[in-house]
$ cat upload.pdb   # PDB, C-alpha atoms and all ligand atoms
ATOM      1  CA  MET I  90      20.815 -44.597  -3.059  1.00  0.00           C
ATOM      2  CA  THR I  91      19.761 -41.068  -3.993  1.00  0.00           C
ATOM      3  CA  ALA I  92      20.859 -39.547  -7.297  1.00  0.00           C
ATOM      4  CA  VAL I  93      21.240 -35.768  -7.423  1.00  0.00           C
ATOM      5  CA  LYS I  94      21.978 -33.701 -10.518  1.00  0.00           C
ATOM      6  CA  LEU I  95      23.861 -30.433  -9.978  1.00  0.00           C
ATOM      7  CA  GLY I  96      24.375 -28.780 -13.347  1.00  0.00           C
ATOM      8  CA  ARG I  97      27.048 -30.814 -15.128  1.00  0.00           C
ATOM      9  CA  LEU I  98      27.810 -32.857 -12.016  1.00  0.00           C
ATOM     10  CA  GLU I  99      26.028 -36.025 -10.899  1.00  0.00           C
ATOM     11  CA  ALA I 100      26.087 -37.195  -7.307  1.00  0.00           C
ATOM     12  CA  GLU I 101      25.024 -40.514  -5.812  1.00  0.00           C
ATOM     13  CA  LEU I 102      24.377 -40.492  -2.085  1.00  0.00           C
ATOM     14  CA  SER I 103      24.183 -43.684  -0.072  1.00  0.00           C
ATOM     15  CA  PRO I 104      24.856 -44.277   3.646  1.00  0.00           C
ATOM     16  CA  GLY I 105      28.522 -43.414   4.320  1.00  0.00           C
ATOM     17  CA  ARG I 106      29.334 -42.881   0.660  1.00  0.00           C
ATOM     18  CA  VAL I 107      29.180 -40.084  -1.938  1.00  0.00           C
ATOM     19  CA  VAL I 108      30.052 -40.698  -5.593  1.00  0.00           C
ATOM     20  CA  LEU I 109      30.646 -37.656  -7.818  1.00  0.00           C
ATOM     21  CA  ARG I 110      30.996 -37.690 -11.593  1.00  0.00           C
ATOM     22  CA  GLY I 111      31.138 -35.038 -14.291  1.00  0.00           C
ATOM     23  CA  ARG I 112      32.262 -31.417 -14.044  1.00  0.00           C
ATOM     24  CA  ILE I 113      32.648 -29.407 -10.852  1.00  0.00           C
ATOM     25  CA  ASP I 114      32.189 -25.780 -11.904  1.00  0.00           C
ATOM     26  CA  ASP I 115      29.936 -22.740 -11.349  1.00  0.00           C
ATOM     27  CA  SER I 116      26.890 -24.967 -12.032  1.00  0.00           C
ATOM     28  CA  SER I 117      27.729 -27.364  -9.139  1.00  0.00           C
ATOM     29  CA  PRO I 118      26.602 -26.090  -5.712  1.00  0.00           C
ATOM     30  CA  LEU I 119      28.490 -28.753  -3.776  1.00  0.00           C
ATOM     31  CA  GLY I 120      28.225 -26.688  -0.603  1.00  0.00           C
ATOM     32  CA  GLU I 121      24.466 -27.293  -0.706  1.00  0.00           C
ATOM     33  CA  LEU I 122      24.907 -30.977  -1.492  1.00  0.00           C
ATOM     34  CA  ALA I 123      26.805 -31.471   1.785  1.00  0.00           C
ATOM     35  CA  ALA I 124      23.593 -30.716   3.696  1.00  0.00           C
ATOM     36  CA  GLN I 125      21.990 -33.768   2.049  1.00  0.00           C
ATOM     37  CA  VAL I 126      24.776 -36.139   3.138  1.00  0.00           C
ATOM     38  CA  ALA I 127      23.949 -38.057   6.324  1.00  0.00           C
ATOM     39  CA  PRO I 128      26.183 -37.045   9.287  1.00  0.00           C
ATOM     40  CA  GLY I 129      29.042 -39.380  10.227  1.00  0.00           C
ATOM     41  CA  ASN I 130      32.062 -40.867   8.491  1.00  0.00           C
ATOM     42  CA  VAL I 131      31.914 -40.714   4.723  1.00  0.00           C
ATOM     43  CA  VAL I 132      33.861 -42.002   1.719  1.00  0.00           C
ATOM     44  CA  VAL I 133      33.976 -39.608  -1.242  1.00  0.00           C
ATOM     45  CA  ASP I 134      34.628 -41.244  -4.623  1.00  0.00           C
ATOM     46  CA  THR I 135      35.562 -38.821  -7.439  1.00  0.00           C
ATOM     47  CA  ASP I 136      36.624 -41.421 -10.031  1.00  0.00           C
ATOM     48  CA  GLY I 137      34.252 -39.930 -12.625  1.00  0.00           C
ATOM     49  CA  VAL I 138      35.134 -36.255 -12.133  1.00  0.00           C
ATOM     50  CA  THR I 139      36.546 -34.953 -15.424  1.00  0.00           C
ATOM     51  CA  PHE I 140      36.962 -31.216 -14.810  1.00  0.00           C
ATOM     52  CA  ILE I 141      37.198 -28.684 -11.996  1.00  0.00           C
ATOM     53  CA  ASN I 142      37.722 -24.920 -12.215  1.00  0.00           C
ATOM     54  CA  SER I 143      38.454 -22.342  -9.505  1.00  0.00           C
ATOM     55  CA  ILE I 144      34.787 -21.817  -8.616  1.00  0.00           C
ATOM     56  CA  GLY I 145      34.353 -25.581  -8.529  1.00  0.00           C
ATOM     57  CA  MET I 146      37.340 -25.834  -6.212  1.00  0.00           C
ATOM     58  CA  ARG I 147      35.746 -23.307  -3.853  1.00  0.00           C
ATOM     59  CA  GLU I 148      32.564 -25.445  -3.847  1.00  0.00           C
ATOM     60  CA  TRP I 149      34.618 -28.597  -3.259  1.00  0.00           C
ATOM     61  CA  MET I 150      36.267 -26.963  -0.222  1.00  0.00           C
ATOM     62  CA  ARG I 151      32.872 -25.936   1.206  1.00  0.00           C
ATOM     63  CA  PHE I 152      31.673 -29.499   0.679  1.00  0.00           C
ATOM     64  CA  VAL I 153      34.693 -31.083   2.353  1.00  0.00           C
ATOM     65  CA  ARG I 154      34.692 -28.680   5.324  1.00  0.00           C
ATOM     66  CA  THR I 155      31.018 -29.387   6.021  1.00  0.00           C
ATOM     67  CA  LEU I 156      31.560 -33.161   5.880  1.00  0.00           C
ATOM     68  CA  LYS I 157      34.709 -32.970   8.021  1.00  0.00           C
ATOM     69  CA  ALA I 158      32.840 -31.074  10.717  1.00  0.00           C
ATOM     70  CA  ARG I 159      30.526 -34.079  11.079  1.00  0.00           C
ATOM     71  CA  GLY I 160      32.796 -37.100  10.712  1.00  0.00           C
ATOM     72  CA  ARG I 161      35.910 -38.573   9.124  1.00  0.00           C
ATOM     73  CA  VAL I 162      36.229 -38.074   5.363  1.00  0.00           C
ATOM     74  CA  THR I 163      38.103 -40.607   3.216  1.00  0.00           C
ATOM     75  CA  TYR I 164      38.905 -39.836  -0.420  1.00  0.00           C
ATOM     76  CA  GLU I 165      38.763 -42.790  -2.790  1.00  0.00           C
ATOM     77  CA  ARG I 166      39.797 -42.942  -6.475  1.00  0.00           C
ATOM     78  CA  VAL I 167      40.512 -39.192  -6.488  1.00  0.00           C
ATOM     79  CA  ALA I 168      40.334 -37.826 -10.052  1.00  0.00           C
ATOM     80  CA  ALA I 169      43.615 -36.610 -11.580  1.00  0.00           C
ATOM     81  CA  VAL I 170      42.142 -33.110 -12.075  1.00  0.00           C
ATOM     82  CA  LEU I 171      41.303 -33.002  -8.369  1.00  0.00           C
ATOM     83  CA  ILE I 172      44.425 -34.529  -6.799  1.00  0.00           C
ATOM     84  CA  THR I 173      46.633 -31.876  -8.459  1.00  0.00           C
ATOM     85  CA  GLN I 174      44.375 -29.153  -6.970  1.00  0.00           C
ATOM     86  CA  MET I 175      44.303 -30.807  -3.537  1.00  0.00           C
ATOM     87  CA  ASN I 176      48.098 -30.813  -3.600  1.00  0.00           C
ATOM     88  CA  MET I 177      48.112 -27.019  -3.685  1.00  0.00           C
ATOM     89  CA  LEU I 178      46.108 -26.721  -0.465  1.00  0.00           C
ATOM     90  CA  PRO I 179      47.691 -27.300   2.961  1.00  0.00           C
ATOM     91  CA  GLU I 180      44.305 -28.374   4.281  1.00  0.00           C
ATOM     92  CA  PHE I 181      44.504 -31.872   2.813  1.00  0.00           C
ATOM     93  CA  ASP I 182      46.210 -34.760   4.528  1.00  0.00           C
ATOM     94  CA  GLY I 183      47.372 -37.688   2.400  1.00  0.00           C
ATOM     95  CA  SER I 184      46.457 -40.214   5.093  1.00  0.00           C
ATOM     96  CA  ALA I 185      42.785 -39.610   4.220  1.00  0.00           C
ATOM     97  CA  ILE I 186      43.385 -40.543   0.551  1.00  0.00           C
ATOM     98  CA  THR I 187      43.117 -44.265  -0.210  1.00  0.00           C
ATOM     99  CA  SER I 188      43.677 -44.054  -3.988  1.00  0.00           C
ATOM    100  CA  PHE I 189      44.081 -41.453  -6.736  1.00  0.00           C
ATOM    101  CA  HIS I 190      44.603 -41.151 -10.474  1.00  0.00           C
ATOM    102  CA  ALA I 191      47.807 -39.840 -12.015  1.00  0.00           C
ATOM    103  CA  GLN I 192      49.225 -39.338 -15.496  1.00  0.00           C
ATOM    104  CA  TYR I 193      51.872 -41.962 -16.258  1.00  0.00           C
ATOM    105  CA  GLU I 194      54.173 -42.580 -19.210  1.00  0.00           C
ATOM    106  CA  CYS I 195      56.043 -45.653 -20.405  1.00  0.00           C
ATOM    107  CA  GLY I 196      59.735 -45.284 -21.187  1.00  0.00           C
ATOM    108  CA  ALA I 197      59.716 -48.571 -23.109  1.00  0.00           C
ATOM    109  CA  CYS I 198      56.866 -48.076 -25.601  1.00  0.00           C
ATOM    110  CA  GLY I 199      55.914 -44.407 -25.187  1.00  0.00           C
ATOM    111  CA  ALA I 200      52.346 -45.120 -24.040  1.00  0.00           C
ATOM    112  CA  GLU I 201      50.621 -42.557 -21.821  1.00  0.00           C
ATOM    113  CA  ALA I 202      47.846 -43.478 -19.426  1.00  0.00           C
ATOM    114  CA  VAL I 203      45.982 -42.218 -16.392  1.00  0.00           C
ATOM    115  CA  LEU I 204      46.533 -44.928 -13.785  1.00  0.00           C
ATOM    116  CA  LEU I 205      44.983 -45.547 -10.373  1.00  0.00           C
ATOM    117  CA  VAL I 206      47.568 -45.439  -7.577  1.00  0.00           C
ATOM    118  CA  ASP I 207      46.789 -47.433  -4.425  1.00  0.00           C
ATOM    119  CA  ALA I 208      47.869 -44.967  -1.731  1.00  0.00           C
ATOM    120  CA  VAL I 209      47.537 -47.527   1.078  1.00  0.00           C
ATOM    121  CA  ALA I 210      49.719 -50.209  -0.546  1.00  0.00           C
ATOM    122  CA  HIS I 211      52.300 -47.584  -1.601  1.00  0.00           C
ATOM    123  CA  ALA I 212      52.070 -45.391   1.511  1.00  0.00           C
ATOM    124  CA  GLU I 213      55.765 -45.563   2.319  1.00  0.00           C
ATOM    125  CA  GLU I 214      56.942 -44.568  -1.179  1.00  0.00           C
ATOM    126  CA  LEU I 215      54.393 -41.756  -1.285  1.00  0.00           C
ATOM    127  CA  ARG I 216      55.556 -40.375   2.062  1.00  0.00           C
ATOM    128  CA  GLY I 217      59.023 -40.180   0.496  1.00  0.00           C
ATOM    129  CA  MET I 218      57.505 -38.320  -2.500  1.00  0.00           C
ATOM    130  CA  ARG I 219      58.243 -41.226  -4.838  1.00  0.00           C
ATOM    131  CA  ALA I 220      55.558 -42.313  -7.291  1.00  0.00           C
ATOM    132  CA  PRO I 221      55.312 -46.125  -7.460  1.00  0.00           C
ATOM    133  CA  LYS I 222      56.198 -47.693 -10.813  1.00  0.00           C
ATOM    134  CA  LEU I 223      53.116 -49.328 -12.308  1.00  0.00           C
ATOM    135  CA  PRO I 224      52.849 -51.806 -15.187  1.00  0.00           C
ATOM    136  CA  CYS I 225      52.181 -50.341 -18.628  1.00  0.00           C
ATOM    137  CA  PRO I 226      48.775 -51.452 -19.967  1.00  0.00           C
ATOM    138  CA  GLU I 227      50.324 -51.663 -23.470  1.00  0.00           C
ATOM    139  CA  CYS I 228      53.614 -53.520 -22.956  1.00  0.00           C
ATOM    140  CA  GLY I 229      53.741 -54.502 -19.278  1.00  0.00           C
ATOM    141  CA  GLN I 230      56.978 -52.628 -18.564  1.00  0.00           C
ATOM    142  CA  PRO I 231      57.088 -50.318 -15.526  1.00  0.00           C
ATOM    143  CA  MET I 232      55.591 -46.874 -16.151  1.00  0.00           C
ATOM    144  CA  ALA I 233      56.712 -43.700 -14.387  1.00  0.00           C
ATOM    145  CA  LEU I 234      54.810 -40.607 -13.305  1.00  0.00           C
ATOM    146  CA  ALA I 235      54.631 -38.184 -16.261  1.00  0.00           C
ATOM    147  CA  ASP I 236      54.740 -35.030 -14.143  1.00  0.00           C
ATOM    148  CA  PHE I 237      56.594 -33.392 -11.251  1.00  0.00           C
ATOM    149  CA  PRO I 238      56.037 -35.525  -8.122  1.00  0.00           C
ATOM    150  CA  GLU I 239      55.114 -32.342  -6.181  1.00  0.00           C
ATOM    151  CA  ARG I 240      52.000 -31.944  -8.335  1.00  0.00           C
ATOM    152  CA  TYR I 241      50.598 -35.270  -7.133  1.00  0.00           C
ATOM    153  CA  LEU I 242      52.464 -36.277  -4.000  1.00  0.00           C
ATOM    154  CA  SER I 243      53.016 -33.187  -1.797  1.00  0.00           C
ATOM    155  CA  VAL I 244      49.881 -34.098   0.111  1.00  0.00           C
ATOM    156  CA  PHE I 245      51.493 -37.405   1.172  1.00  0.00           C
ATOM    157  CA  LYS I 246      54.835 -35.933   2.256  1.00  0.00           C
ATOM    158  CA  ALA I 247      55.917 -37.192   5.666  1.00  0.00           C
TER
HETATM  159 ZN    ZN J   1      54.723 -49.578 -22.416  1.00  0.00          ZN
END
$ encode --input "upload.pdb" --output "structure tokens"
Amino acid sequence: MTAVKLGRLEAELSPGRVVLRGRIDDSSPLGELAAQVAPGNVVVDTDGVTFINSIGMREWMRFVRTLKARGRVTYERVAAVLITQMNMLPEFDGSAITSFHAQYECGACGAEAVLLVDAVAHAEELRGMRAPKLPCPECGQPMALADFPERYLSVFKA
């Protein structure tokens, strides 16, 4: 495993896998990072990404395009800040996303939480633009997506 620090972003590179955490912004030359990723299929885990701005998004796109030119890219545990951005770009295909984070709220107890949605297990609901109900970490009742489904689920639309 190779650890790379790009401004406020940390990257871990291992064979077939890239883990990103921190902020993707003007200090994160992700386009250059792609050159350090071994060619072939790769899983990109963005669980720890907390922020992305428009310059960061441009870098993210450069990164993804470079990786896609050399193999299949699978997105795992996509950060909430990133999935909403990816939903605004026609370039992304939901079938490449295995899981993502989304803001949920509980109608029973009022709790709010960012939950991880398993996009493989819930593929059919997601294709129909329906967010799966997930158990509330506070009271166990089903939680619902706290935002417009389009913001998170357009990318999965059949
Ligand atoms: Zn609750």
$ closest_residue --input "upload.pdb" --among "I:Gly217, I:Gly196, I:Pro238, I:Phe181" --to "ligand ZN 1 (chain J)" --atoms "all atoms listed in the file"
I:Gly196
$ resolve_selection --input "upload.pdb" --expression "the PyMOL selection byres (((chain I and resi 204) around 6) and not hetatm)" --output "list in words"
His190, Ala191, Ala202, Val203 and Leu205 of chain I
$ write_last_selection --input "upload.pdb" --atoms "C-alpha atoms" --output "PDB file, in the coordinates of the input"
ATOM      1  CA  HIS I 190      44.603 -41.151 -10.474  1.00  0.00           C
ATOM      2  CA  ALA I 191      47.807 -39.840 -12.015  1.00  0.00           C
ATOM      3  CA  ALA I 202      47.846 -43.478 -19.426  1.00  0.00           C
ATOM      4  CA  VAL I 203      45.982 -42.218 -16.392  1.00  0.00           C
ATOM      5  CA  LEU I 205      44.983 -45.547 -10.373  1.00  0.00           C
TER       6      LEU I 205
END
$ closest_residue --input "upload.pdb" --among "I:Leu119, I:Ala233, I:Ala100, I:Val138" --to "ligand ZN 1 (chain J)" --atoms "all atoms listed in the file"
I:Ala233
$ resolve_selection --input "upload.pdb" --expression "the PyMOL selection byres (((chain I and resi 239-244) around 12) and not hetatm)" --output "ChimeraX atom specification"
/I:167-186,188-193,206,208,211-221,234-238,245-247
$ resolve_selection --input "upload.pdb" --expression "the PyMOL selection byres (((chain I and resi 117) around 12) and not hetatm)" --output "PDB file with C-alpha atoms, keeping the file's coordinate frame"
ATOM      1  CA  VAL I  93      21.240 -35.768  -7.423  1.00  0.00           C
ATOM      2  CA  LYS I  94      21.978 -33.701 -10.518  1.00  0.00           C
ATOM      3  CA  LEU I  95      23.861 -30.433  -9.978  1.00  0.00           C
ATOM      4  CA  GLY I  96      24.375 -28.780 -13.347  1.00  0.00           C
ATOM      5  CA  ARG I  97      27.048 -30.814 -15.128  1.00  0.00           C
ATOM      6  CA  LEU I  98      27.810 -32.857 -12.016  1.00  0.00           C
ATOM      7  CA  GLU I  99      26.028 -36.025 -10.899  1.00  0.00           C
ATOM      8  CA  ALA I 100      26.087 -37.195  -7.307  1.00  0.00           C
ATOM      9  CA  LEU I 109      30.646 -37.656  -7.818  1.00  0.00           C
ATOM     10  CA  ARG I 110      30.996 -37.690 -11.593  1.00  0.00           C
ATOM     11  CA  GLY I 111      31.138 -35.038 -14.291  1.00  0.00           C
ATOM     12  CA  ARG I 112      32.262 -31.417 -14.044  1.00  0.00           C
ATOM     13  CA  ILE I 113      32.648 -29.407 -10.852  1.00  0.00           C
ATOM     14  CA  ASP I 114      32.189 -25.780 -11.904  1.00  0.00           C
ATOM     15  CA  ASP I 115      29.936 -22.740 -11.349  1.00  0.00           C
ATOM     16  CA  SER I 116      26.890 -24.967 -12.032  1.00  0.00           C
ATOM     17  CA  PRO I 118      26.602 -26.090  -5.712  1.00  0.00           C
ATOM     18  CA  LEU I 119      28.490 -28.753  -3.776  1.00  0.00           C
ATOM     19  CA  GLY I 120      28.225 -26.688  -0.603  1.00  0.00           C
ATOM     20  CA  GLU I 121      24.466 -27.293  -0.706  1.00  0.00           C
ATOM     21  CA  LEU I 122      24.907 -30.977  -1.492  1.00  0.00           C
ATOM     22  CA  ALA I 123      26.805 -31.471   1.785  1.00  0.00           C
ATOM     23  CA  VAL I 138      35.134 -36.255 -12.133  1.00  0.00           C
ATOM     24  CA  PHE I 140      36.962 -31.216 -14.810  1.00  0.00           C
ATOM     25  CA  ILE I 141      37.198 -28.684 -11.996  1.00  0.00           C
ATOM     26  CA  ASN I 142      37.722 -24.920 -12.215  1.00  0.00           C
ATOM     27  CA  SER I 143      38.454 -22.342  -9.505  1.00  0.00           C
ATOM     28  CA  ILE I 144      34.787 -21.817  -8.616  1.00  0.00           C
ATOM     29  CA  GLY I 145      34.353 -25.581  -8.529  1.00  0.00           C
ATOM     30  CA  MET I 146      37.340 -25.834  -6.212  1.00  0.00           C
ATOM     31  CA  ARG I 147      35.746 -23.307  -3.853  1.00  0.00           C
ATOM     32  CA  GLU I 148      32.564 -25.445  -3.847  1.00  0.00           C
ATOM     33  CA  TRP I 149      34.618 -28.597  -3.259  1.00  0.00           C
ATOM     34  CA  ARG I 151      32.872 -25.936   1.206  1.00  0.00           C
ATOM     35  CA  PHE I 152      31.673 -29.499   0.679  1.00  0.00           C
TER      36      PHE I 152
END
$ residues_near_ligand --input "upload.pdb" --ligand "ligand ZN 1 (chain J)" --cutoff "12 Å" --atoms "all atoms listed in the file" --output "PDB file with C-alpha atoms, in the frame of the given file"
ATOM      1  CA  TYR I 193      51.872 -41.962 -16.258  1.00  0.00           C
ATOM      2  CA  GLU I 194      54.173 -42.580 -19.210  1.00  0.00           C
ATOM      3  CA  CYS I 195      56.043 -45.653 -20.405  1.00  0.00           C
ATOM      4  CA  GLY I 196      59.735 -45.284 -21.187  1.00  0.00           C
ATOM      5  CA  ALA I 197      59.716 -48.571 -23.109  1.00  0.00           C
ATOM      6  CA  CYS I 198      56.866 -48.076 -25.601  1.00  0.00           C
ATOM      7  CA  GLY I 199      55.914 -44.407 -25.187  1.00  0.00           C
ATOM      8  CA  ALA I 200      52.346 -45.120 -24.040  1.00  0.00           C
ATOM      9  CA  GLU I 201      50.621 -42.557 -21.821  1.00  0.00           C
ATOM     10  CA  ALA I 202      47.846 -43.478 -19.426  1.00  0.00           C
ATOM     11  CA  LYS I 222      56.198 -47.693 -10.813  1.00  0.00           C
ATOM     12  CA  LEU I 223      53.116 -49.328 -12.308  1.00  0.00           C
ATOM     13  CA  PRO I 224      52.849 -51.806 -15.187  1.00  0.00           C
ATOM     14  CA  CYS I 225      52.181 -50.341 -18.628  1.00  0.00           C
ATOM     15  CA  PRO I 226      48.775 -51.452 -19.967  1.00  0.00           C
ATOM     16  CA  GLU I 227      50.324 -51.663 -23.470  1.00  0.00           C
ATOM     17  CA  CYS I 228      53.614 -53.520 -22.956  1.00  0.00           C
ATOM     18  CA  GLY I 229      53.741 -54.502 -19.278  1.00  0.00           C
ATOM     19  CA  GLN I 230      56.978 -52.628 -18.564  1.00  0.00           C
ATOM     20  CA  PRO I 231      57.088 -50.318 -15.526  1.00  0.00           C
ATOM     21  CA  MET I 232      55.591 -46.874 -16.151  1.00  0.00           C
ATOM     22  CA  ALA I 233      56.712 -43.700 -14.387  1.00  0.00           C
TER      23      ALA I 233
END
$ atom_distance --input "upload.pdb" --atom1 "atom CA of Gly129 of chain I" --atom2 "atom CA of Thr187 of chain I"
18.2 Å
$ residues_around --input "upload.pdb" --residues "Val107 of chain I" --least-positions-apart "3" --cutoff "9 Å" --atoms "all atoms listed in the file" --output "PyMOL selection string"
chain I and resi 100-104+126+131-135
$ axis_aligned_box --input "upload.pdb" --around "segment 229-246 of chain I" --padding-each-side "3 Å" --output "JSON"
{"center_x": 53.5, "center_y": -43.2, "center_z": -8.5, "size_x": 13.2, "size_y": 28.6, "size_z": 27.5}
$ residues_near_point --input "upload.pdb" --point "(34.3, -33.7, 7.0)" --cutoff "9 Å" --atoms "only C-alpha atoms" --output "list in words"
Gly129, Asn130, Val131, Phe152, Val153, Arg154, Thr155, Leu156, Lys157, Ala158, Arg159, Gly160, Arg161, Val162 and Thr163 of chain I
$ closest_residue --input "upload.pdb" --among "I:Val108, I:Ala124, I:Ala92, I:Val209" --to "Gly137 of chain I" --atoms "only C-alpha atoms"
I:Val108
